[in-house]
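Written below as structure tokens is the structure these notes are about.
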Amino acid sequence: MDPVIAGILVAIGLIALMAIGTPIAFALGGISLIALVASRGVAELTYFGETFYDRIAEFGFIAIPMFILMGAAVASSPTGRDLYRSLDLWLGKLPGGLAISNIGACTLFSALSGSSPATCAAIGKMGIPEMRSRGYPDGVAAGCIAAGGTLGILIPPSVTMIIYGISTETSIGRLFIAGVVPGFMLAGLFMIWTLIACKLAGGYQNPMAINAEALKRTIRQNVDANLKALVRVLPFLAVVGGILFALYGGVATPSEAAGVGAFLCLALAIIIYRMWQVGPIKLIMRDALRESVMIMLIIAAAEVFAYALSSLFITQTVAGAIADLEVNRWVLMGVINLFLLVAGFFLPPVAVIVMTAPILLPVILAANFDPYWFAVILTINLEIGLITPPVGLNLFIINSIAPDISLRNVLMGSLPYALCMVLGILLLCFFPGIALWLPNLIMG
């Protein structure tokens, strides 16, 4: 069969399976199995099983469940509450400061948990009711949390960066550090838009204007409690800093650093927050196991899917067609960005990375783009997909936290932050050093 026709049929089959609600891993594996058996016969079942197992049997993948366990330990403890209180103490008095403190809390919690949904849930449960009680517009309250949560897949330690590194055989330590400056740049852009949105809305109340004297008394009463909350958070931040130091200094491999980090975060959660009961520990393990299995199934199924595409010469045909395009390399990058953006609308970041990164990397290198810079570009595109329909995972998480805020209001409040991410991509295209300066400085 002609590779183009085969590719169209595979794409239609995959879309149809996902449209009827089939989990992504089963959709990828099912369509791959059908394609292989139809083109090469029942004997391909042997290679299907071998490919499925061999992909997830790599030692490097141990880092994924360990980082997920680390994030689950943080997300299941009151760390998010303490982080939120600490930042509110310092920023809450400024005009629009409460919303800015929420973005700051999302930024730091993202570094602790590495999970966008966990960040949205942990910070949103406290931040959204508090902002609404102080008169912030619903769109600003929901949008800043939804957007802040997306930073979880960019700011290290990031599970998606690990998957990109393994899929493309690039340095995970360099990928982590490449996401630091862009991550904080996006957080800064989010804060700037939040200030503008608060000024434009005009309907929110500056907390100092509600009752200045009463608020001052409340702040004085809460200073000690909030400072204690900050002290409780600092050990978790120190663990993240230690992990990054171990990776960048060549002291430990990602798997070793992830294992130590998971143990320390779990121990800190038990000691600091006295989570001695079996129930909380069981909940942490359950959440970590559930997310790890989901991600590993997607990775294994995507490897089989890639094998099927390669066997049908679909991958080679697409890569050759892209490489043969006689266009400026920035036009090519624009086409790739558009493709990633659309893919992110429908698929979770993990699925997009394992399906597209191995195919796109040779094209990126042939066009003389840096693979670590491209990893940041790819991740930001996938962040946009987290706050845009039809999937928009963070939108539904915010809607579940505050069901009286309509999904439309959540979406409208989040779209300006998606434009901030587009601006971030443009800045990275004009100034690649934003992503490459720090890795080159630290790692050479």
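Ligands are numbered from 1 in the order shown, chains are lettered A, B, ... in the order of the structure tokens, and residues start at 1 in each chain.
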Checklist entry - Near region 373-382 of chain A, within 7 Å and counting only C-alpha atoms, which residues show up once chain neighbours fewer than 4 positions away are dropped, as JSON, numbers by chain? => result {"A": [154, 179, 340, 341, 344, 349, 386, 421, 425, 432, 435, 436]}
Next on the checklist: My list of candidates is A:Val342, A:Ile405, A:Ile442, A:Leu33. Which is closest to Gly49 (chain A) when distances are computed with only C-alpha atoms?
Outcome noted: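 Residue with the minimum atom-to-atom distance to Gly49 (chain A): A:Leu33.
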Next on the checklist: I'd like to know which of A:Ala72, A:Pro65, A:Ala300, A:Leu230 is closest to Phe52 (chain A), using only C-alpha atoms.
Outcome noted: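 Counting only C-alpha atoms, the residue closest to Phe52 (chain A) is A:Ala300.
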Next on the checklist: Could you list, as a ChimeraX atom specification, every residue within 12 Å of Pro78 (chain A), counting only C-alpha atoms and ignoring same-chain residues fewer than 2 positions away?
Outcome noted: /A:72-76,80-85,109,122-123,125-126,229-230,232-233,236,268-270,272-275,280
Can those selected residues be exported to a file as a compact mmCIF listing (two decimals), in the first residue's frame so that it contains C-alpha atoms?
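The result, stored in selection26.txt:
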```txt
# COMPACT_ATOMS: atom_id res chain seq x y z
CA ALA A 72 2.64 12.83 44.81
CA ALA A 73 4.24 13.16 48.25
CA VAL A 74 4.32 16.94 47.88
CA ALA A 75 0.84 17.20 46.36
CA SER A 76 -0.79 15.04 49.05
CA GLY A 80 0.81 23.85 48.70
CA ARG A 81 -1.19 25.51 51.47
CA ASP A 82 1.96 26.62 53.28
CA LEU A 83 3.56 27.86 50.09
CA TYR A 84 0.45 29.85 49.24
CA ARG A 85 0.28 31.43 52.70
CA PHE A 109 4.84 24.16 43.49
CA ALA A 122 -3.33 22.17 45.21
CA ILE A 123 -3.09 25.94 44.67
CA LYS A 125 -8.41 24.94 46.08
CA MET A 126 -7.07 27.73 48.25
CA ALA A 229 4.63 27.82 56.97
CA LEU A 230 7.58 29.12 54.94
CA ARG A 232 8.06 24.03 56.54
CA VAL A 233 8.31 24.52 52.77
CA PHE A 236 11.19 20.59 50.05
CA LEU A 268 9.69 15.10 54.86
CA ALA A 269 5.95 14.83 54.30
CA ILE A 270 5.72 12.22 57.07
CA ILE A 272 6.95 17.71 58.97
CA TYR A 273 3.23 17.17 58.52
CA ARG A 274 3.02 14.09 60.77
CA MET A 275 1.44 11.92 58.11
CA PRO A 280 -2.24 9.18 53.59
```
Checklist outcome for this item: Between A:Ile56, A:Ala288, A:Val251, A:Leu195, smallest distance to Ile68 (chain A) by only C-alpha atoms belongs to A:Ala288
Item to check | Proximity to Leu426 (chain A) - best of A:Ala262, A:Leu289, A:Leu247, A:Met333, only C-alpha atoms | outcome: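 Smallest separation from Leu426 (chain A) among the options: A:Met333.
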Checklist entry - Which one of A:Gly183, A:Gly41, A:Gly60, A:Pro129 sits closest to Ile163 (chain A) if you count only C-alpha atoms? => result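 Closest to Ile163 (chain A), using only C-alpha atoms: A:Gly60.
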Checklist entry - Mind pulling up the distance from CA of Lys199 (chain A) to CA of Gly392 (chain A)? => result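 Separation of CA of Gly392 (chain A) and CA of Lys199 (chain A): 27.1 Å.
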Checklist entry - With distances taken over only C-alpha atoms, which of A:Thr253, A:Thr150, A:Ser116, A:Thr79 is nearest to Phe61 (chain A)? => result A:Thr253
